[in-house]
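One structure is given below, encoded as structure tokens.
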Amino acid sequence: MNDLAPLLTPEGRALLDEVHGTDPAHELAVATRLRREHPAELVSAALGQARLRQRAVAKFGAEDARRMFFTPNGVEQSTRASVAAYRARRFAELGVTSVADLCCGIGGDAIALARAGIRVLAVDRDPLTAAAARANADALGLAELIEVRQADVTEVDTAGWDAVFVDPARRGGRGRVFDPEAYSPPLSWAVGAARTAPRAAALKVAPGIPHEAVPGDAEAEWISDGGDVKEAVLWFGTGEAAGPGAVRATLLPGPRTLLSRGLPDPAVRPPGRYLYEPDGAVIRAHLVAEVARDLGGGLIDATIAYVTADEHRPTPYATAYEITDRLPFNAKKLKALLRERRIGTLTVKKRGSAVEPEELRRRVLPKPHGTGSVTVFLTRVDGAPAMLLGHPVR
């Protein structure tokens with residue numbers, strides 16, 4: 001079904017309530033029963049929507065996901081609610097009262113903006129996607145703050161709106177698009193739209209965007225949520241506190257934000273008692289030097305984003321491990337050591353190593369030897385392949 005309208009009818013809504021939480025294993029039996037009283041196409045659409053809502057819980061939470069309407073692409077590509085809420089707060093703190101949300105998708109960011117008290121023009125060129133955004137504004141009681149328009153964003157006049165938010169499509173027929181000029185619309189168009197915004201603008205881009213592709217008049221922010229890097233955002237009009245050329249890494253929940261101080265690369269030094277694994281947003285933002293300086297540490301290798309130090313200093317921007325062993329890479333020695341220490345749980349992390357963690361785990365610990373646990377880092381130490389063994393600092 002390429003139309004949400006039947007699901008928005010009283011019959012469709014009642015059917016959605018009835019199929020909520022249907023176990024996939026029982027779906028065929030449920031469909032067979034419901035088709036005795038409802039059109040087959042409507043039953044299929046309701047069950048399909050129920051599956052999408054189950055997938056959406058991870059991003060939107062159970063309460064919102066149960067009421068919202070989704071498309072397959074909408075679930076996959078929409079902003080996680082916690083990230084959207086953080087961005088909406090930033091807009092509000094900048095004094096923004098209205099935003100033109102271009103390429104709005106199913107409305108995740110528009111919802112967060114409206115909940116922050118900001119009036120939103122939500123625009124998407126796909127009719128079904130725009131219909132989902134409209135239905136979601138309605139379902140969550142935000143229709144008075146969100147105007148949804150089905151249109152080509154490049155043809156929309158954003159005059160009269162304080163700010164612009166653009167979330168270009170970063171997937172094509174062959175999967176993810178890595179060239180910012182291959183976004184739809186291209187990054188250059190989005191930057192032009194951002195520069196015309198009266199108060200502020202934000203452009204959502206892929207976390208892997210090359211730093212050299214960031215415009216000189218933009219602030220670049222990398223955001224992680226629960227340790228997973230979710231996106232990068234280019235901000236315009238944020239004022240002197242950060243402003244053009246600034247780089248930041250923001251960690252959610254929190255938020256906790258690390259700003260660039262323009263530090264040189266940290267020195268390389270031998271592994272100390274502690275190894276720190278910086279958050280992915282810190283690494284993407286090229287702020288490992290700031291973390292190393294705050295920890296009084298250095299790098300184990302000039303090309304590896306692991307920081308080492310002799311003392312433990314708590315930091316929200318990196319996970320600390322106490323290192324117990326440093327060995328040249330040798331799977332046989334590792335296997336013997338795990339047996340000797342009666343290890344039952346092995347966590348393998350790698351950076352700068354061609355070895356696949358799962359393959360190594362199968363080779364060196366085919367079955368548990370006991371109840372002990374250890375983390376093994378496959379990496380390089382001053383250019384040489386190495387294994388560092390340790391435990392997370394609690």
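Letters A, B, ... go to the chains of the structure tokens in the order shown; residues in each chain start at 1; ligands are counted from 1 in the same order.
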
Mind checking which residues fall within 9 Å of segment 319-332 of chain A, counting only C-alpha atoms, ignoring those fewer than 4 positions away in the same chain, and posting them as a PDB file with C-alpha atoms, in the first residue's frame?
```
ATOM      1  CA  PRO A 271      52.142   2.186  26.754  1.00  0.00           C
ATOM      2  CA  GLY A 272      51.572   3.155  30.369  1.00  0.00           C
ATOM      3  CA  ARG A 273      49.358   1.583  32.970  1.00  0.00           C
ATOM      4  CA  TYR A 274      46.184   2.907  31.358  1.00  0.00           C
ATOM      5  CA  LEU A 275      44.809   2.892  27.828  1.00  0.00           C
ATOM      6  CA  TYR A 276      42.010   5.249  26.813  1.00  0.00           C
ATOM      7  CA  GLU A 277      39.665   4.607  23.906  1.00  0.00           C
ATOM      8  CA  PRO A 278      38.232   7.989  22.829  1.00  0.00           C
ATOM      9  CA  ASP A 279      34.546   8.241  21.947  1.00  0.00           C
ATOM     10  CA  HIS A 312      43.906   7.247  35.753  1.00  0.00           C
ATOM     11  CA  ARG A 313      41.877  10.410  35.258  1.00  0.00           C
ATOM     12  CA  PRO A 314      38.118  10.028  34.779  1.00  0.00           C
ATOM     13  CA  THR A 315      36.852  11.603  31.550  1.00  0.00           C
ATOM     14  CA  ALA A 336      47.943 -20.245  26.003  1.00  0.00           C
ATOM     15  CA  LEU A 337      47.645 -17.182  28.222  1.00  0.00           C
ATOM     16  CA  LEU A 360      40.665 -14.382  16.469  1.00  0.00           C
ATOM     17  CA  ARG A 363      40.912 -19.374  17.263  1.00  0.00           C
ATOM     18  CA  VAL A 364      42.094 -18.487  20.754  1.00  0.00           C
ATOM     19  CA  THR A 375      39.862  -7.242  26.837  1.00  0.00           C
ATOM     20  CA  LEU A 378      44.848  -5.589  18.540  1.00  0.00           C
ATOM     21  CA  THR A 379      46.810  -2.555  17.478  1.00  0.00           C
ATOM     22  CA  ALA A 384      54.787  -2.775  15.405  1.00  0.00           C
ATOM     23  CA  PRO A 385      51.769  -5.142  15.645  1.00  0.00           C
ATOM     24  CA  ALA A 386      50.927  -5.677  19.294  1.00  0.00           C
ATOM     25  CA  MET A 387      48.395  -7.087  21.739  1.00  0.00           C
ATOM     26  CA  LEU A 388      47.481  -5.107  24.851  1.00  0.00           C
ATOM     27  CA  LEU A 389      45.494  -6.962  27.495  1.00  0.00           C
ATOM     28  CA  GLY A 390      43.498  -5.301  30.198  1.00  0.00           C
ATOM     29  CA  HIS A 391      40.196  -4.581  31.933  1.00  0.00           C
ATOM     30  CA  PRO A 392      37.785  -1.637  31.884  1.00  0.00           C
ATOM     31  CA  VAL A 393      38.258   0.723  34.819  1.00  0.00           C
ATOM     32  CA  ARG A 394      35.040   0.723  36.846  1.00  0.00           C
TER      33      ARG A 394
END
```

* **Who sits within 8 Å of segment 179-182 of chain A, only C-alpha atoms, same chain under 5 positions skipped, as number ranges by chain** => A: 170, 187-188, 205, 209, 213

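Pairwise distance (atom CA of Arg199 of chain A, atom CA of Ala131 of chain A) equals 28.9 Å.
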
Let's see if you can do this: from backbone DSSP, list all alpha helix (DSSP H) residues in segment 185-237 of chain A, as a ChimeraX atom specification. /A:187-195

- Item | Closest of A:Trp222, A:Trp161, A:Phe69, A:Tyr306 to Ala137 of chain A - atom-to-atom distances counting only C-alpha atoms |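 Of A:Trp222, A:Trp161, A:Phe69, A:Tyr306, the one nearest Ala137 of chain A is A:Phe69, counting only C-alpha atoms.
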
message: Quick one: residues within 8 Å of segment 89-104 of chain A, only C-alpha atoms, excluding same-chain residues fewer than 2 positions away - as a PyMOL selection string?
response: chain A and resi 85-87+106-110+113+116-125+130+133+153+158+161-169+199-200+238

Write the residues of the preceding selection, restricted to C-alpha atoms, as a PDB file, in the first residue's frame.
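File produced: part.pdb:
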```pdb
ATOM      1  CA  ALA A  85      15.893  16.931  20.931  1.00  0.00           C
ATOM      2  CA  TYR A  86      19.463  18.064  21.569  1.00  0.00           C
ATOM      3  CA  ARG A  87      19.577  19.924  18.252  1.00  0.00           C
ATOM      4  CA  ILE A 106       8.761  11.366   8.446  1.00  0.00           C
ATOM      5  CA  GLY A 107       9.168  14.369  10.755  1.00  0.00           C
ATOM      6  CA  GLY A 108      11.522  13.298  13.532  1.00  0.00           C
ATOM      7  CA  ASP A 109      13.351  16.618  13.721  1.00  0.00           C
ATOM      8  CA  ALA A 110      10.172  18.633  13.157  1.00  0.00           C
ATOM      9  CA  LEU A 113      11.599  21.348  17.219  1.00  0.00           C
ATOM     10  CA  ALA A 116      10.872  22.881  22.003  1.00  0.00           C
ATOM     11  CA  GLY A 117       8.212  25.478  21.182  1.00  0.00           C
ATOM     12  CA  ILE A 118       9.533  26.242  17.700  1.00  0.00           C
ATOM     13  CA  ARG A 119       7.210  26.714  14.723  1.00  0.00           C
ATOM     14  CA  VAL A 120       8.171  24.437  11.802  1.00  0.00           C
ATOM     15  CA  LEU A 121       7.704  24.325   8.045  1.00  0.00           C
ATOM     16  CA  ALA A 122       8.433  20.675   7.199  1.00  0.00           C
ATOM     17  CA  VAL A 123       9.129  19.998   3.515  1.00  0.00           C
ATOM     18  CA  ASP A 124       9.697  16.734   1.659  1.00  0.00           C
ATOM     19  CA  ARG A 125       9.260  15.985  -2.028  1.00  0.00           C
ATOM     20  CA  ALA A 130       5.186  13.997   3.535  1.00  0.00           C
ATOM     21  CA  ALA A 133       5.130  13.596   8.549  1.00  0.00           C
ATOM     22  CA  VAL A 153      13.015  21.832  -1.227  1.00  0.00           C
ATOM     23  CA  THR A 158      12.248  30.120   3.310  1.00  0.00           C
ATOM     24  CA  TRP A 161      11.636  31.665   8.866  1.00  0.00           C
ATOM     25  CA  ASP A 162      14.322  32.353  11.491  1.00  0.00           C
ATOM     26  CA  ALA A 163      16.408  29.319  10.678  1.00  0.00           C
ATOM     27  CA  VAL A 164      16.946  26.547   8.165  1.00  0.00           C
ATOM     28  CA  PHE A 165      17.620  22.886   8.883  1.00  0.00           C
ATOM     29  CA  VAL A 166      18.575  20.680   5.944  1.00  0.00           C
ATOM     30  CA  ASP A 167      18.904  16.906   6.090  1.00  0.00           C
ATOM     31  CA  PRO A 168      19.883  15.883   2.532  1.00  0.00           C
ATOM     32  CA  ALA A 169      19.348  12.310   1.370  1.00  0.00           C
ATOM     33  CA  ARG A 199      19.334  33.827  12.492  1.00  0.00           C
ATOM     34  CA  ALA A 200      20.921  30.363  12.267  1.00  0.00           C
ATOM     35  CA  THR A 238      26.030  30.277  16.253  1.00  0.00           C
TER      36      THR A 238
END
```
